[in-house]
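Here is the file target-v3.tsv (TSV, N, CA, C and O atoms).
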```tsv
chain	number	residue	atom	x	y	z
A	1	LYS	N	6.73	-6.06	-12.06
A	1	LYS	CA	5.46	-6.54	-11.53
A	1	LYS	C	5.46	-6.34	-10.02
A	1	LYS	O	6.41	-6.70	-9.34
A	2	LEU	N	4.36	-5.79	-9.51
A	2	LEU	CA	4.26	-5.52	-8.08
A	2	LEU	C	4.13	-6.81	-7.28
A	2	LEU	O	3.52	-7.78	-7.74
A	3	ASP	N	4.68	-6.80	-6.06
A	3	ASP	CA	4.44	-7.93	-5.19
A	3	ASP	C	2.96	-7.92	-4.79
A	3	ASP	O	2.27	-6.90	-4.89
A	4	ASN	N	2.47	-9.07	-4.35
A	4	ASN	CA	1.04	-9.20	-4.08
A	4	ASN	C	0.56	-8.29	-2.96
A	4	ASN	O	-0.54	-7.75	-3.03
A	5	ALA	N	1.37	-8.10	-1.91
A	5	ALA	CA	0.96	-7.24	-0.80
A	5	ALA	C	0.79	-5.79	-1.27
A	5	ALA	O	-0.20	-5.13	-0.94
A	6	THR	N	1.74	-5.29	-2.06
A	6	THR	CA	1.64	-3.93	-2.58
A	6	THR	C	0.43	-3.81	-3.50
A	6	THR	O	-0.32	-2.84	-3.44
A	7	ARG	N	0.22	-4.81	-4.35
A	7	ARG	CA	-0.93	-4.78	-5.27
A	7	ARG	C	-2.25	-4.76	-4.49
A	7	ARG	O	-3.15	-3.96	-4.78
A	8	LYS	N	-2.35	-5.58	-3.46
A	8	LYS	CA	-3.60	-5.65	-2.68
A	8	LYS	C	-3.85	-4.36	-1.91
A	8	LYS	O	-4.99	-3.88	-1.85
A	9	ILE	N	-2.82	-3.80	-1.31
A	9	ILE	CA	-3.01	-2.56	-0.56
A	9	ILE	C	-3.33	-1.41	-1.52
A	9	ILE	O	-4.15	-0.54	-1.21
A	10	SER	N	-2.74	-1.43	-2.71
A	10	SER	CA	-3.03	-0.43	-3.73
A	10	SER	C	-4.50	-0.49	-4.14
A	10	SER	O	-5.18	0.54	-4.23
A	11	GLU	N	-5.01	-1.68	-4.37
A	11	GLU	CA	-6.41	-1.85	-4.74
A	11	GLU	C	-7.32	-1.35	-3.62
A	11	GLU	O	-8.32	-0.67	-3.88
A	12	PHE	N	-6.98	-1.66	-2.37
A	12	PHE	CA	-7.78	-1.23	-1.23
A	12	PHE	C	-7.81	0.30	-1.14
A	12	PHE	O	-8.88	0.90	-0.97
A	13	VAL	N	-6.66	0.93	-1.26
A	13	VAL	CA	-6.55	2.39	-1.16
A	13	VAL	C	-7.38	3.05	-2.27
A	13	VAL	O	-8.11	4.02	-2.02
A	14	ARG	N	-7.30	2.51	-3.48
A	14	ARG	CA	-8.07	3.09	-4.59
A	14	ARG	C	-9.57	2.87	-4.43
A	14	ARG	O	-10.36	3.78	-4.67
A	15	GLU	N	-9.97	1.67	-4.00
A	15	GLU	CA	-11.40	1.38	-3.80
A	15	GLU	C	-12.01	2.30	-2.75
A	15	GLU	O	-13.14	2.76	-2.91
A	16	LYS	N	-11.26	2.54	-1.68
A	16	LYS	CA	-11.79	3.34	-0.56
A	16	LYS	C	-11.58	4.84	-0.77
A	16	LYS	O	-12.11	5.64	-0.02
A	17	GLY	N	-10.78	5.21	-1.76
A	17	GLY	CA	-10.59	6.62	-2.09
A	17	GLY	C	-9.77	7.40	-1.07
A	17	GLY	O	-10.03	8.59	-0.84
A	18	PHE	N	-8.77	6.78	-0.49
A	18	PHE	CA	-7.91	7.48	0.47
A	18	PHE	C	-7.11	8.57	-0.22
A	18	PHE	O	-6.71	8.43	-1.37
A	19	ASN	N	-6.88	9.66	0.48
A	19	ASN	CA	-6.13	10.81	-0.02
A	19	ASN	C	-4.64	10.57	0.21
A	19	ASN	O	-4.20	10.46	1.36
A	20	LEU	N	-3.87	10.49	-0.88
A	20	LEU	CA	-2.44	10.21	-0.76
A	20	LEU	C	-1.67	11.34	-0.08
A	20	LEU	O	-0.70	11.08	0.63
A	21	SER	N	-2.10	12.58	-0.28
A	21	SER	CA	-1.42	13.70	0.38
A	21	SER	C	-1.56	13.59	1.89
A	21	SER	O	-0.59	13.77	2.64
A	22	ASP	N	-2.76	13.26	2.35
A	22	ASP	CA	-3.01	13.07	3.78
A	22	ASP	C	-2.20	11.88	4.30
A	22	ASP	O	-1.57	11.94	5.36
A	23	MET	N	-2.21	10.80	3.54
A	23	MET	CA	-1.46	9.61	3.93
A	23	MET	C	0.03	9.93	4.03
A	23	MET	O	0.70	9.51	4.98
A	24	SER	N	0.55	10.70	3.08
A	24	SER	CA	1.96	11.08	3.08
A	24	SER	C	2.31	11.89	4.33
A	24	SER	O	3.30	11.61	5.00
A	25	ARG	N	1.47	12.87	4.63
A	25	ARG	CA	1.72	13.71	5.82
A	25	ARG	C	1.70	12.89	7.10
A	25	ARG	O	2.54	13.07	7.98
A	26	LYS	N	0.74	11.99	7.21
A	26	LYS	CA	0.57	11.24	8.47
A	26	LYS	C	1.52	10.07	8.63
A	26	LYS	O	1.77	9.63	9.74
A	27	THR	N	2.05	9.55	7.52
A	27	THR	CA	2.99	8.42	7.61
A	27	THR	C	4.44	8.85	7.50
A	27	THR	O	5.33	8.09	7.86
A	28	GLY	N	4.68	10.05	6.95
A	28	GLY	CA	6.05	10.50	6.72
A	28	GLY	C	6.67	9.92	5.46
A	28	GLY	O	7.85	10.14	5.19
A	29	ILE	N	5.88	9.19	4.67
A	29	ILE	CA	6.37	8.62	3.41
A	29	ILE	C	6.18	9.68	2.33
A	29	ILE	O	5.09	10.24	2.20
A	30	PRO	N	7.23	9.99	1.55
A	30	PRO	CA	7.07	11.00	0.51
A	30	PRO	C	5.92	10.67	-0.44
A	30	PRO	O	5.70	9.51	-0.81
A	31	TYR	N	5.19	11.72	-0.84
A	31	TYR	CA	4.04	11.55	-1.73
A	31	TYR	C	4.43	10.80	-3.00
A	31	TYR	O	3.72	9.89	-3.44
A	32	GLY	N	5.57	11.15	-3.58
A	32	GLY	CA	6.01	10.50	-4.81
A	32	GLY	C	6.19	9.00	-4.66
A	32	GLY	O	5.87	8.24	-5.57
A	33	ALA	N	6.71	8.59	-3.52
A	33	ALA	CA	6.90	7.16	-3.27
A	33	ALA	C	5.55	6.46	-3.15
A	33	ALA	O	5.35	5.37	-3.71
A	34	LEU	N	4.61	7.08	-2.42
A	34	LEU	CA	3.28	6.49	-2.30
A	34	LEU	C	2.60	6.40	-3.66
A	34	LEU	O	2.02	5.37	-4.00
A	35	TYR	N	2.69	7.49	-4.41
A	35	TYR	CA	2.04	7.51	-5.73
A	35	TYR	C	2.63	6.42	-6.63
A	35	TYR	O	1.90	5.69	-7.29
A	36	SER	N	3.95	6.31	-6.64
A	36	SER	CA	4.61	5.31	-7.49
A	36	SER	C	4.21	3.89	-7.10
A	36	SER	O	4.08	3.02	-7.96
A	37	SER	N	4.02	3.65	-5.82
A	37	SER	CA	3.69	2.31	-5.35
A	37	SER	C	2.21	1.99	-5.47
A	37	SER	O	1.84	0.86	-5.77
A	38	LEU	N	1.36	2.98	-5.21
A	38	LEU	CA	-0.07	2.69	-5.07
A	38	LEU	C	-0.93	3.11	-6.25
A	38	LEU	O	-2.03	2.59	-6.41
A	39	CYS	N	-0.46	4.05	-7.06
A	39	CYS	CA	-1.33	4.59	-8.11
A	39	CYS	C	-0.76	4.53	-9.51
A	39	CYS	O	-1.52	4.55	-10.47
A	40	ASN	N	0.55	4.51	-9.65
A	40	ASN	CA	1.16	4.58	-10.97
A	40	ASN	C	1.45	3.17	-11.48
A	40	ASN	O	2.49	2.58	-11.16
A	41	ASN	N	0.54	2.64	-12.28
A	41	ASN	CA	0.67	1.26	-12.75
A	41	ASN	C	1.90	1.02	-13.62
A	41	ASN	O	2.35	-0.10	-13.76
A	42	SER	N	2.47	2.07	-14.18
A	42	SER	CA	3.63	1.89	-15.05
A	42	SER	C	4.95	1.85	-14.28
A	42	SER	O	5.97	1.52	-14.85
A	43	ARG	N	4.94	2.20	-13.00
A	43	ARG	CA	6.18	2.25	-12.22
A	43	ARG	C	6.56	0.92	-11.59
A	43	ARG	O	7.72	0.59	-11.44
A	44	ASP	N	5.59	0.15	-11.13
A	44	ASP	CA	5.85	-1.13	-10.47
A	44	ASP	C	6.82	-0.99	-9.30
A	44	ASP	O	7.78	-1.75	-9.16
A	45	ARG	N	6.60	0.01	-8.45
A	45	ARG	CA	7.44	0.20	-7.26
A	45	ARG	C	6.76	-0.46	-6.06
A	45	ARG	O	5.68	-0.05	-5.64
A	46	ASP	N	7.40	-1.51	-5.52
A	46	ASP	CA	6.88	-2.15	-4.32
A	46	ASP	C	7.08	-1.23	-3.12
A	46	ASP	O	8.06	-0.49	-3.04
A	47	LEU	N	6.13	-1.30	-2.18
A	47	LEU	CA	6.33	-0.62	-0.90
A	47	LEU	C	7.47	-1.30	-0.16
A	47	LEU	O	7.58	-2.53	-0.18
A	48	LYS	N	8.31	-0.53	0.49
A	48	LYS	CA	9.33	-1.09	1.38
A	48	LYS	C	8.62	-1.58	2.64
A	48	LYS	O	7.50	-1.14	2.94
A	49	ALA	N	9.25	-2.47	3.37
A	49	ALA	CA	8.60	-3.07	4.54
A	49	ALA	C	8.12	-2.02	5.54
A	49	ALA	O	6.98	-2.08	6.01
A	50	ASP	N	8.97	-1.04	5.85
A	50	ASP	CA	8.56	-0.03	6.82
A	50	ASP	C	7.44	0.86	6.27
A	50	ASP	O	6.54	1.28	7.00
A	51	GLU	N	7.46	1.12	4.96
A	51	GLU	CA	6.38	1.89	4.34
A	51	GLU	C	5.07	1.10	4.41
A	51	GLU	O	4.01	1.65	4.73
A	52	PHE	N	5.15	-0.18	4.09
A	52	PHE	CA	3.97	-1.05	4.12
A	52	PHE	C	3.33	-1.04	5.52
A	52	PHE	O	2.11	-0.86	5.65
A	53	LEU	N	4.15	-1.18	6.54
A	53	LEU	CA	3.63	-1.19	7.91
A	53	LEU	C	3.04	0.16	8.29
A	53	LEU	O	1.99	0.22	8.94
A	54	SER	N	3.68	1.24	7.88
A	54	SER	CA	3.15	2.58	8.16
A	54	SER	C	1.81	2.81	7.47
A	54	SER	O	0.89	3.39	8.07
A	55	VAL	N	1.69	2.35	6.23
A	55	VAL	CA	0.44	2.50	5.50
A	55	VAL	C	-0.66	1.67	6.18
A	55	VAL	O	-1.79	2.14	6.35
A	56	CYS	N	-0.33	0.45	6.59
A	56	CYS	CA	-1.32	-0.38	7.29
A	56	CYS	C	-1.79	0.30	8.57
A	56	CYS	O	-2.99	0.30	8.88
A	57	LYS	N	-0.86	0.89	9.32
A	57	LYS	CA	-1.23	1.60	10.54
A	57	LYS	C	-2.15	2.78	10.21
A	57	LYS	O	-3.16	3.00	10.88
A	58	PHE	N	-1.81	3.54	9.18
A	58	PHE	CA	-2.64	4.66	8.74
A	58	PHE	C	-4.04	4.19	8.37
A	58	PHE	O	-5.04	4.83	8.72
A	59	LEU	N	-4.12	3.06	7.67
A	59	LEU	CA	-5.41	2.51	7.23
A	59	LEU	C	-6.16	1.80	8.35
A	59	LEU	O	-7.32	1.42	8.16
A	60	GLU	N	-5.49	1.61	9.47
A	60	GLU	CA	-6.04	0.85	10.61
A	60	GLU	C	-6.40	-0.57	10.17
A	60	GLU	O	-7.46	-1.10	10.48
A	61	LYS	N	-5.46	-1.17	9.42
A	61	LYS	CA	-5.64	-2.53	8.92
A	61	LYS	C	-4.48	-3.39	9.41
A	61	LYS	O	-3.35	-2.93	9.53
A	62	ASP	N	-4.77	-4.66	9.66
A	62	ASP	CA	-3.75	-5.64	10.01
A	62	ASP	C	-2.95	-5.95	8.73
A	62	ASP	O	-3.56	-6.24	7.70
A	63	PRO	N	-1.62	-5.89	8.79
A	63	PRO	CA	-0.84	-6.22	7.59
A	63	PRO	C	-1.19	-7.58	6.99
A	63	PRO	O	-1.11	-7.77	5.78
A	64	MET	N	-1.63	-8.51	7.83
A	64	MET	CA	-1.99	-9.83	7.32
A	64	MET	C	-3.24	-9.79	6.44
A	64	MET	O	-3.48	-10.72	5.67
A	65	ASP	N	-4.01	-8.71	6.52
A	65	ASP	CA	-5.18	-8.57	5.64
A	65	ASP	C	-4.75	-8.51	4.18
A	65	ASP	O	-5.57	-8.77	3.29
A	66	PHE	N	-3.50	-8.15	3.93
A	66	PHE	CA	-3.00	-8.00	2.56
A	66	PHE	C	-2.05	-9.14	2.17
A	66	PHE	O	-1.41	-9.08	1.12
A	67	ALA	N	-1.97	-10.16	3.02
A	67	ALA	CA	-1.10	-11.32	2.74
A	67	ALA	C	-1.81	-12.25	1.77
A	67	ALA	O	-3.04	-12.24	1.64
A	68	ASP	N	-1.03	-13.07	1.09
A	68	ASP	CA	-1.60	-14.08	0.21
A	68	ASP	C	-2.30	-15.13	1.05
A	68	ASP	O	-1.67	-15.78	1.89
A	69	SER	N	-3.58	-15.32	0.81
A	69	SER	CA	-4.32	-16.31	1.58
A	69	SER	C	-4.12	-17.72	1.06
A	69	SER	O	-4.39	-18.68	1.74
A	70	ASP	N	-3.57	-17.84	-0.16
A	70	ASP	CA	-3.38	-19.16	-0.76
A	70	ASP	C	-2.00	-19.75	-0.51
A	70	ASP	O	-1.74	-20.88	-0.89
A	71	LYS	N	-1.13	-18.98	0.14
A	71	LYS	CA	0.22	-19.49	0.40
A	71	LYS	C	0.33	-19.91	1.86
A	71	LYS	O	-0.16	-19.24	2.75
A	72	LYS	N	0.99	-21.00	2.09
A	72	LYS	CA	1.19	-21.52	3.44
A	72	LYS	C	2.45	-20.91	4.02
A	72	LYS	O	3.40	-20.64	3.31
A	73	GLY	N	2.47	-20.74	5.34
A	73	GLY	CA	3.66	-20.21	6.01
A	73	GLY	C	4.81	-21.20	5.92
A	73	GLY	O	4.61	-22.40	5.87
A	74	ALA	N	6.02	-20.68	5.92
A	74	ALA	CA	7.20	-21.56	5.80
A	74	ALA	C	7.57	-22.13	7.13
A	74	ALA	O	7.34	-21.57	8.15
```

structure tokens encoding of this file:
Amino acid sequence: KLDNATRKISEFVREKGFNLSDMSRKTGIPYGALYSSLCNNSRDRDLKADEFLSVCKFLEKDPMDFADSDKKGA
């Protein structure tokens, strides 16, 4: 099962129709890793922290936009 941040960013990428090949080139994250994390529902591969941050930068989104809004900080 994907972590919530990966699931939310995956939904955003699919809704907006971002090109994974372009994202891969611009972030340096291998296409296969992006596909497994963001598009392949059977893989359940979470984004690694550095991948998550690179994708957020590519999307021009604050990483906190994909945080759980119902959980309180520790």

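With atom C of A:Phe52 on one side and atom CA of A:Thr27 on the other, the separation reads 9.7 Å.
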
Seminar exercise, completed: note - atom CA of A:Ser10 and atom CA of A:Asp50 are separated by 15.7 Å

For this session: Identify which of the residues A:Phe12, A:Tyr31, A:Arg45, A:Leu2 lies closest to A:Asp65, counting only C-alpha atoms when measuring atom-to-atom distances.
Result: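 For A:Asp65, the nearest of the candidates is A:Phe12.
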
For this session: Write down as a ChimeraX atom specification the residues of chain A whose backbone DSSP state falls under helix (DSSP H, G or I).
Result: /A:4-16,20-27,31-38,49-59,63-66

For this session: Could you jot down the atom C of A:Arg43 to atom CA of A:Lys1 separation for me, Å, one decimal place?
Result: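 Taking atom C of A:Arg43 as the start and atom CA of A:Lys1 as the end point, the length is 7.5 Å.
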